[in-house]
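To be precise, the following lines are target_29.cif, and they hold mmCIF, C-alpha atoms.
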data_data
loop_
_atom_site.group_PDB
_atom_site.id
_atom_site.type_symbol
_atom_site.label_atom_id
_atom_site.label_comp_id
_atom_site.auth_asym_id
_atom_site.auth_seq_id
_atom_site.Cartn_x
_atom_site.Cartn_y
_atom_site.Cartn_z
ATOM 1 C CA MET A 1 104.049 64.618 72.711
ATOM 2 C CA MET A 2 106.853 66.178 74.765
ATOM 3 C CA LYS A 3 106.511 69.817 75.730
ATOM 4 C CA THR A 4 109.512 72.033 76.388
ATOM 5 C CA THR A 5 109.286 74.121 79.542
ATOM 6 C CA ALA A 6 109.211 77.820 78.853
ATOM 7 C CA SER A 7 111.997 80.143 79.916
ATOM 8 C CA LEU A 8 111.704 81.714 83.327
ATOM 9 C CA LYS A 9 110.542 85.330 83.393
ATOM 10 C CA PRO A 10 111.841 87.819 85.981
ATOM 11 C CA ALA A 11 108.370 88.297 87.489
ATOM 12 C CA GLU A 12 107.993 84.532 88.068
ATOM 13 C CA VAL A 13 111.164 84.144 90.152
ATOM 14 C CA GLU A 14 110.760 83.340 93.840
ATOM 15 C CA LYS A 15 113.969 84.137 95.679
ATOM 16 C CA LYS A 16 114.849 82.360 98.904
ATOM 17 C CA TRP A 17 117.323 83.359 101.600
ATOM 18 C CA ILE A 18 119.956 80.834 102.615
ATOM 19 C CA LEU A 19 122.446 80.963 105.488
ATOM 20 C CA ILE A 20 125.868 79.307 105.327
ATOM 21 C CA ASP A 21 128.372 78.972 108.171
ATOM 22 C CA ALA A 22 131.855 79.318 106.666
ATOM 23 C CA GLU A 23 133.794 78.180 109.716
ATOM 24 C CA ASN A 24 136.612 75.806 108.623
ATOM 25 C CA ALA A 25 135.183 75.697 105.072
ATOM 26 C CA VAL A 26 137.556 75.409 102.110
ATOM 27 C CA VAL A 27 137.427 78.706 100.197
ATOM 28 C CA GLY A 28 137.219 77.368 96.637
ATOM 29 C CA ARG A 29 134.538 74.799 97.366
ATOM 30 C CA LEU A 30 132.469 77.301 99.328
ATOM 31 C CA ALA A 31 132.814 79.968 96.622
ATOM 32 C CA THR A 32 131.669 77.504 93.954
ATOM 33 C CA PHE A 33 128.617 76.564 96.010
ATOM 34 C CA ILE A 34 127.744 80.231 96.646
ATOM 35 C CA ALA A 35 128.254 81.238 92.982
ATOM 36 C CA ASN A 36 125.914 78.467 91.808
ATOM 37 C CA ARG A 37 123.277 79.580 94.331
ATOM 38 C CA LEU A 38 123.609 83.238 93.311
ATOM 39 C CA ARG A 39 123.207 82.388 89.610
ATOM 40 C CA GLY A 40 120.322 79.969 90.223
ATOM 41 C CA LYS A 41 122.012 76.963 88.629
ATOM 42 C CA HIS A 42 120.626 74.710 91.374
ATOM 43 C CA ARG A 43 117.092 75.237 90.040
ATOM 44 C CA PRO A 44 115.466 72.981 87.452
ATOM 45 C CA ASP A 45 114.043 76.051 85.691
ATOM 46 C CA TYR A 46 117.413 77.870 85.461
ATOM 47 C CA THR A 47 117.511 80.520 82.759
ATOM 48 C CA PRO A 48 120.932 82.059 82.009
ATOM 49 C CA ASN A 49 119.666 85.553 81.157
ATOM 50 C CA VAL A 50 117.386 85.932 84.209
ATOM 51 C CA ASP A 51 118.411 86.609 87.797
ATOM 52 C CA CYS A 52 116.825 83.506 89.322
ATOM 53 C CA GLY A 53 119.329 82.899 92.149
ATOM 54 C CA ASP A 54 118.862 83.105 95.891
ATOM 55 C CA PHE A 55 120.040 85.600 98.474
ATOM 56 C CA VAL A 56 123.047 84.153 100.322
ATOM 57 C CA VAL A 57 124.143 85.133 103.838
ATOM 58 C CA VAL A 58 127.561 83.875 104.954
ATOM 59 C CA ILE A 59 128.663 84.035 108.588
ATOM 60 C CA ASN A 60 132.108 83.423 110.130
ATOM 61 C CA ALA A 61 133.821 84.383 106.867
ATOM 62 C CA ASP A 62 137.061 85.185 108.661
ATOM 63 C CA LYS A 63 137.426 81.511 109.671
ATOM 64 C CA VAL A 64 137.698 80.029 106.167
ATOM 65 C CA LYS A 65 140.578 77.695 105.313
ATOM 66 C CA PHE A 66 142.854 77.137 102.348
ATOM 67 C CA THR A 67 144.273 73.789 101.298
ATOM 68 C CA GLY A 68 147.983 73.197 100.847
ATOM 69 C CA LYS A 69 150.304 76.193 101.046
ATOM 70 C CA LYS A 70 147.847 78.669 99.502
ATOM 71 C CA LEU A 71 147.707 80.764 102.682
ATOM 72 C CA ALA A 72 151.319 81.832 102.050
ATOM 73 C CA ASP A 73 151.628 81.268 98.280
ATOM 74 C CA LYS A 74 148.356 82.694 96.892
ATOM 75 C CA ILE A 75 148.918 86.342 96.009
ATOM 76 C CA TYR A 76 146.257 88.953 95.279
ATOM 77 C CA TYR A 77 147.415 91.747 92.939
ATOM 78 C CA TRP A 78 145.880 95.144 92.253
ATOM 79 C CA HIS A 79 146.997 98.378 90.642
ATOM 80 C CA THR A 80 146.673 101.827 92.184
ATOM 81 C CA GLY A 81 146.459 103.575 88.825
ATOM 82 C CA HIS A 82 149.831 105.293 89.208
ATOM 83 C CA PRO A 83 152.990 104.294 87.339
ATOM 84 C CA GLY A 84 154.654 101.408 89.134
ATOM 85 C CA GLY A 85 151.598 101.052 91.362
ATOM 86 C CA VAL A 86 151.233 97.270 91.375
ATOM 87 C CA LYS A 87 150.494 96.098 94.918
ATOM 88 C CA GLN A 88 150.244 92.587 96.295
ATOM 89 C CA ARG A 89 149.210 90.726 99.435
ATOM 90 C CA THR A 90 149.080 87.065 100.292
ATOM 91 C CA ALA A 91 145.842 85.368 101.291
ATOM 92 C CA GLY A 92 147.152 85.016 104.853
ATOM 93 C CA GLN A 93 147.809 88.755 105.123
ATOM 94 C CA ILE A 94 144.298 89.562 103.931
ATOM 95 C CA LEU A 95 142.694 87.072 106.341
ATOM 96 C CA ASP A 96 144.684 88.610 109.219
ATOM 97 C CA GLY A 97 143.921 92.160 108.058
ATOM 98 C CA LYS A 98 141.041 94.574 108.481
ATOM 99 C CA TYR A 99 138.653 93.038 105.902
ATOM 100 C CA PRO A 100 139.092 89.226 105.896
ATOM 101 C CA GLU A 101 135.706 88.699 104.204
ATOM 102 C CA ARG A 102 137.191 90.004 100.938
ATOM 103 C CA VAL A 103 138.939 86.694 100.323
ATOM 104 C CA LEU A 104 135.604 84.921 99.981
ATOM 105 C CA GLU A 105 133.990 87.871 98.201
ATOM 106 C CA LYS A 106 136.705 87.942 95.516
ATOM 107 C CA ALA A 107 136.557 84.161 95.076
ATOM 108 C CA VAL A 108 132.798 84.308 94.430
ATOM 109 C CA GLU A 109 133.074 87.402 92.224
ATOM 110 C CA ARG A 110 135.648 85.707 90.002
ATOM 111 C CA MET A 111 133.365 82.674 89.533
ATOM 112 C CA LEU A 112 130.533 84.785 88.110
ATOM 113 C CA PRO A 113 130.430 85.855 84.426
ATOM 114 C CA LYS A 114 132.886 88.642 83.662
ATOM 115 C CA GLU A 115 131.845 92.227 82.912
ATOM 116 C CA SER A 116 128.161 91.453 82.986
ATOM 117 C CA PRO A 117 125.398 93.660 84.401
ATOM 118 C CA LEU A 118 123.570 90.504 85.462
ATOM 119 C CA ALA A 119 126.616 89.220 87.374
ATOM 120 C CA ARG A 120 126.999 92.576 89.148
ATOM 121 C CA LYS A 121 123.342 92.429 90.174
ATOM 122 C CA GLN A 122 123.675 88.842 91.384
ATOM 123 C CA LEU A 123 126.731 89.753 93.469
ATOM 124 C CA THR A 124 124.640 92.314 95.379
ATOM 125 C CA HIS A 125 122.589 89.365 96.703
ATOM 126 C CA LEU A 126 125.608 88.115 98.658
ATOM 127 C CA ARG A 127 126.008 89.220 102.270
ATOM 128 C CA ILE A 128 129.218 88.235 104.094
ATOM 129 C CA TYR A 129 129.815 88.714 107.828
ATOM 130 C CA ASN A 130 132.802 87.876 110.033
ATOM 131 C CA ALA A 131 130.724 87.307 113.154
ATOM 132 C CA PRO A 132 128.164 84.569 113.832
ATOM 133 C CA GLU A 133 125.423 87.244 114.055
ATOM 134 C CA HIS A 134 123.707 88.772 111.027
ATOM 135 C CA PRO A 135 120.899 91.337 110.584
ATOM 136 C CA HIS A 136 118.818 89.176 108.212
ATOM 137 C CA ALA A 137 116.857 87.117 110.737
ATOM 138 C CA ALA A 138 113.585 88.742 109.579
ATOM 139 C CA GLN A 139 113.967 87.059 106.168
ATOM 140 C CA ASN A 140 113.979 83.607 107.827
ATOM 141 C CA PRO A 141 117.007 82.246 105.952
ATOM 142 C CA VAL A 142 117.210 78.483 105.501
ATOM 143 C CA THR A 143 120.419 77.151 107.041
ATOM 144 C CA ILE A 144 122.452 74.925 104.758
ATOM 145 C CA ALA A 145 125.005 72.674 106.466
ATOM 146 C CA PHE A 146 127.798 73.120 103.931
ATOM 147 C CA ALA A 147 130.201 71.024 106.001
ATOM 148 C CA ASP A 148 127.870 68.007 105.876
ATOM 149 C CA LEU A 149 127.481 68.001 102.084
ATOM 150 C CA ASN A 150 130.952 66.508 101.509
ATOM 151 C CA ALA A 151 133.839 65.577 103.803
ATOM 152 C CA LYS A 152 136.232 67.593 101.632
ATOM 153 C CA ASN A 153 134.293 70.829 102.233
ATOM 154 C CA VAL A 154 135.947 71.470 105.606
ATOM 155 C CA ARG A 155 139.481 71.464 106.952
ATOM 156 C CA SER A 156 140.304 70.993 110.612
ATOM 157 C CA ALA A 157 143.700 72.712 110.524
#
Give the structure from this file in structure tokens form.
Amino acid sequence: MMKTTASLKPAEVEKKWILIDAENAVVGRLATFIANRLRGKHRPDYTPNVDCGDFVVVINADKVKFTGKKLADKIYYWHTGHPGGVKQRTAGQILDGKYPERVLEKAVERMLPKESPLARKQLTHLRIYNAPEHPHAAQNPVTIAFADLNAKNVRSA
């Protein structure tokens, strides 16, 4: 007789720390990989209503790449809250600006479920740094070679 595995309970979740080097990585592919890790969809005991994902540390986030002409054509919009307050910047302007890690952060945020308390909690498990150093060495993160998983994951130019 087949037995169905029970749903995962929050107390039973063992979270791991993973480290990803984003140098020359394609933004969309990297964001998809990170979002799946944050949600826990890589686990065989994945439960949609439980935070069973891992902690993800990303280094060299300012060195990500876009395919095609997205660096100039992809536009990020936001509204200031005032009449006529729609602002916009291209992906290239944001990567050259003060906070280039926001490109990757927004890509991951938009791949998580919308307006969900669980998604907001899972997004707090993402740490993004522009430098190759990070303050999470005490957690012994497992390094994942994202570039080696698929040839399309990285761009040279």
Point-to-point distance in Å for CA of Val27 in chain A and CA of Leu112 in chain A: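 Rounded to one decimal, the two atoms are 15.2 Å apart.
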Nearby residues (all atoms listed in the file) at most 8 Å from Ala72 in chain A, same-chain spacing under 3 positions excluded, as a list in words: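 Those residues are Lys69, Ile75, Thr90, Ala91 and Gly92 of chain A.
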Determine, using all atoms listed in the file, which residues of range 52-152 of chain A have any atom at most 6 Å from an atom of range 35-43 of chain A, and tabulate each with its shortest atom pair and distance in Å to one decimal place, rows ordered by chain and then rising number, as JSON lines.
{"residue": "A:Cys52", "atom": "CA", "partner": "A:Gly40", "partner_atom": "CA", "distance": 5.1}
{"residue": "A:Gly53", "atom": "CA", "partner": "A:Gly40", "partner_atom": "CA", "distance": 3.6}
{"residue": "A:Asp54", "atom": "CA", "partner": "A:Leu38", "partner_atom": "CA", "distance": 5.4}
{"residue": "A:Val108", "atom": "CA", "partner": "A:Ala35", "partner_atom": "CA", "distance": 5.7}
{"residue": "A:Gln122", "atom": "CA", "partner": "A:Leu38", "partner_atom": "CA", "distance": 5.9}
CA of Lys16 in chain A to CA of Pro132 in chain A, straight-line distance in Å: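 If I compute the distance from CA of Pro132 in chain A to CA of Lys16 in chain A, I get 20.1 Å.
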Test item: the PyMOL selection byres ((chain A and resi 128) around 7) resolved as a tab-separated table (two decimals) with C-alpha atoms, in the frame of the given file:
chain	number	residue	atom	x	y	z
A	57	VAL	CA	124.14	85.13	103.84
A	58	VAL	CA	127.56	83.88	104.95
A	59	ILE	CA	128.66	84.04	108.59
A	61	ALA	CA	133.82	84.38	106.87
A	101	GLU	CA	135.71	88.70	104.20
A	126	LEU	CA	125.61	88.12	98.66
A	127	ARG	CA	126.01	89.22	102.27
A	129	TYR	CA	129.82	88.71	107.83
A	130	ASN	CA	132.80	87.88	110.03
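The smallest atom-to-atom distance between Arg102 in chain A and any of A:Ala31, A:Ala145, A:Ala151, A:Val86, using all atoms listed in the file, is found for A:Ala31.
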Which of A:Lys152, A:Lys114, A:Arg120, A:Lys15 sits closest to Phe66 in chain A [using all atoms listed in the file]: A:Lys152
Quick one: 5 Å padding each side, axis-aligned, all listed atoms of range 135-149 of chain A - centre and edge lengths in Å to one decimal, as lines of an AutoDock Vina configuration file?
center_x = 121.9
center_y = 79.7
center_z = 106.4
size_x = 26.6
size_y = 33.3
size_z = 18.7
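Computed from the coordinates, the CA of Pro117 in chain A to CA of Thr80 in chain A distance equals 24.1 Å.
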Slice of the block: range 8-155 of chain A, C-alpha atoms, as a tab-separated table (two decimals), in the first residue's frame:
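Generated output (result.tsv):
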chain	number	residue	atom	x	y	z
A	8	LEU	CA	6.18	19.71	6.07
A	9	LYS	CA	5.71	21.57	9.36
A	10	PRO	CA	7.61	24.79	10.14
A	11	ALA	CA	9.43	23.19	13.08
A	12	GLU	CA	10.74	20.36	10.86
A	13	VAL	CA	12.44	22.63	8.31
A	14	GLU	CA	16.23	22.61	8.19
A	15	LYS	CA	17.47	25.71	6.40
A	16	LYS	CA	20.83	25.73	4.65
A	17	TRP	CA	22.96	28.67	3.57
A	18	ILE	CA	24.08	28.81	-0.04
A	19	LEU	CA	26.54	31.19	-1.72
A	20	ILE	CA	26.26	32.21	-5.37
A	21	ASP	CA	28.77	34.25	-7.37
A	22	ALA	CA	26.80	36.45	-9.77
A	23	GLU	CA	29.74	37.59	-11.88
A	24	ASN	CA	28.76	37.48	-15.59
A	25	ALA	CA	25.50	35.67	-14.72
A	26	VAL	CA	22.37	36.36	-16.76
A	27	VAL	CA	19.90	38.22	-14.52
A	28	GLY	CA	16.71	36.33	-15.37
A	29	ARG	CA	18.24	32.88	-15.08
A	30	LEU	CA	19.95	33.76	-11.81
A	31	ALA	CA	16.77	35.30	-10.36
A	32	THR	CA	14.78	32.18	-11.24
A	33	PHE	CA	17.35	29.95	-9.54
A	34	ILE	CA	17.39	32.16	-6.42
A	35	ALA	CA	13.57	32.40	-6.24
A	36	ASN	CA	13.24	28.61	-6.39
A	37	ARG	CA	15.82	28.24	-3.61
A	38	LEU	CA	14.11	30.86	-1.44
A	39	ARG	CA	10.71	29.16	-1.83
A	40	GLY	CA	12.13	25.66	-1.28
A	41	LYS	CA	10.92	24.25	-4.60
A	42	HIS	CA	14.19	22.33	-4.99
A	43	ARG	CA	13.24	20.09	-2.05
A	44	PRO	CA	11.35	16.82	-2.43
A	45	ASP	CA	9.24	17.70	0.62
A	46	TYR	CA	8.25	21.17	-0.67
A	47	THR	CA	5.11	22.54	0.94
A	48	PRO	CA	3.66	25.73	-0.59
A	49	ASN	CA	2.33	27.22	2.66
A	50	VAL	CA	5.53	26.68	4.70
A	51	ASP	CA	8.76	28.64	4.50
A	52	CYS	CA	11.03	25.71	3.65
A	53	GLY	CA	13.58	27.55	1.47
A	54	ASP	CA	17.25	28.23	2.08
A	55	PHE	CA	19.15	31.37	2.95
A	56	VAL	CA	20.84	32.72	-0.19
A	57	VAL	CA	23.94	34.93	-0.24
A	58	VAL	CA	24.83	36.52	-3.59
A	59	ILE	CA	28.20	38.18	-4.19
A	60	ASN	CA	29.38	40.34	-7.11
A	61	ALA	CA	25.80	41.43	-7.84
A	62	ASP	CA	26.99	44.54	-9.66
A	63	LYS	CA	28.61	42.36	-12.35
A	64	VAL	CA	25.44	40.69	-13.65
A	65	LYS	CA	24.68	40.71	-17.38
A	66	PHE	CA	21.60	41.14	-19.54
A	67	THR	CA	21.03	39.43	-22.86
A	68	GLY	CA	20.22	41.34	-26.03
A	69	LYS	CA	19.56	45.07	-25.75
A	70	LYS	CA	17.91	44.89	-22.31
A	71	LEU	CA	20.63	47.01	-20.71
A	72	ALA	CA	19.36	50.01	-22.70
A	73	ASP	CA	15.75	48.97	-23.42
A	74	LYS	CA	14.55	47.53	-20.08
A	75	ILE	CA	12.94	50.33	-18.09
A	76	TYR	CA	12.08	50.30	-14.39
A	77	TYR	CA	9.13	52.55	-13.45
A	78	TRP	CA	8.02	53.83	-10.06
A	79	HIS	CA	5.71	56.53	-8.78
A	80	THR	CA	6.61	59.15	-6.19
A	81	GLY	CA	3.03	59.52	-4.96
A	82	HIS	CA	2.66	63.05	-6.31
A	83	PRO	CA	0.62	63.99	-9.38
A	84	GLY	CA	2.70	63.41	-12.49
A	85	GLY	CA	5.32	61.64	-10.39
A	86	VAL	CA	6.09	58.68	-12.65
A	87	LYS	CA	9.85	58.15	-12.77
A	88	GLN	CA	11.88	55.76	-14.89
A	89	ARG	CA	15.42	54.45	-15.27
A	90	THR	CA	16.96	51.92	-17.59
A	91	ALA	CA	18.66	48.79	-16.29
A	92	GLY	CA	22.03	50.20	-17.39
A	93	GLN	CA	21.51	53.38	-15.37
A	94	ILE	CA	20.64	51.39	-12.25
A	95	LEU	CA	23.66	49.08	-12.65
A	96	ASP	CA	25.92	52.14	-13.01
A	97	GLY	CA	24.23	53.93	-10.11
A	98	LYS	CA	24.55	53.87	-6.34
A	99	TYR	CA	22.63	50.62	-5.68
A	100	PRO	CA	23.28	48.16	-8.55
A	101	GLU	CA	22.16	45.18	-6.44
A	102	ARG	CA	18.55	46.37	-6.77
A	103	VAL	CA	18.34	44.99	-10.30
A	104	LEU	CA	18.76	41.45	-9.02
A	105	GLU	CA	16.69	42.11	-5.90
A	106	LYS	CA	13.71	43.35	-7.96
A	107	ALA	CA	14.01	40.43	-10.39
A	108	VAL	CA	13.83	37.92	-7.52
A	109	GLU	CA	11.07	39.84	-5.73
A	110	ARG	CA	8.89	39.81	-8.84
A	111	MET	CA	9.29	36.02	-9.19
A	112	LEU	CA	7.87	35.36	-5.72
A	113	PRO	CA	4.10	35.24	-5.04
A	114	LYS	CA	2.52	38.69	-5.02
A	115	GLU	CA	1.25	40.42	-1.88
A	116	SER	CA	1.94	37.46	0.34
A	117	PRO	CA	3.25	37.55	3.92
A	118	LEU	CA	5.11	34.31	3.20
A	119	ALA	CA	6.82	35.82	0.14
A	120	ARG	CA	7.88	38.88	2.15
A	121	LYS	CA	9.37	36.60	4.80
A	122	GLN	CA	11.17	34.51	2.20
A	123	LEU	CA	12.65	37.64	0.60
A	124	THR	CA	14.29	38.54	3.92
A	125	HIS	CA	16.40	35.36	3.52
A	126	LEU	CA	18.15	36.88	0.50
A	127	ARG	CA	21.41	38.75	1.05
A	128	ILE	CA	22.96	40.56	-1.93
A	129	TYR	CA	26.44	42.13	-1.94
A	130	ASN	CA	28.36	43.98	-4.65
A	131	ALA	CA	31.77	42.91	-3.39
A	132	PRO	CA	33.27	39.41	-3.30
A	133	GLU	CA	33.34	39.58	0.54
A	134	HIS	CA	30.32	38.88	2.74
A	135	PRO	CA	29.77	38.78	6.53
A	136	HIS	CA	28.12	35.32	6.55
A	137	ALA	CA	31.22	33.12	6.71
A	138	ALA	CA	30.20	31.88	10.19
A	139	GLN	CA	27.14	30.15	8.68
A	140	ASN	CA	29.40	28.05	6.41
A	141	PRO	CA	27.44	28.64	3.20
A	142	VAL	CA	27.68	25.96	0.51
A	143	THR	CA	29.02	27.46	-2.71
A	144	ILE	CA	26.96	26.68	-5.78
A	145	ALA	CA	28.72	27.12	-9.13
A	146	PHE	CA	25.81	28.71	-10.99
A	147	ALA	CA	27.91	29.24	-14.11
A	148	ASP	CA	28.65	25.51	-14.40
A	149	LEU	CA	25.01	24.40	-14.23
A	150	ASN	CA	24.28	25.48	-17.83
A	151	ALA	CA	26.32	27.22	-20.52
A	152	LYS	CA	23.53	29.76	-21.02
A	153	ASN	CA	23.76	30.95	-17.40
A	154	VAL	CA	26.71	33.25	-18.09
A	155	ARG	CA	27.58	35.87	-20.68
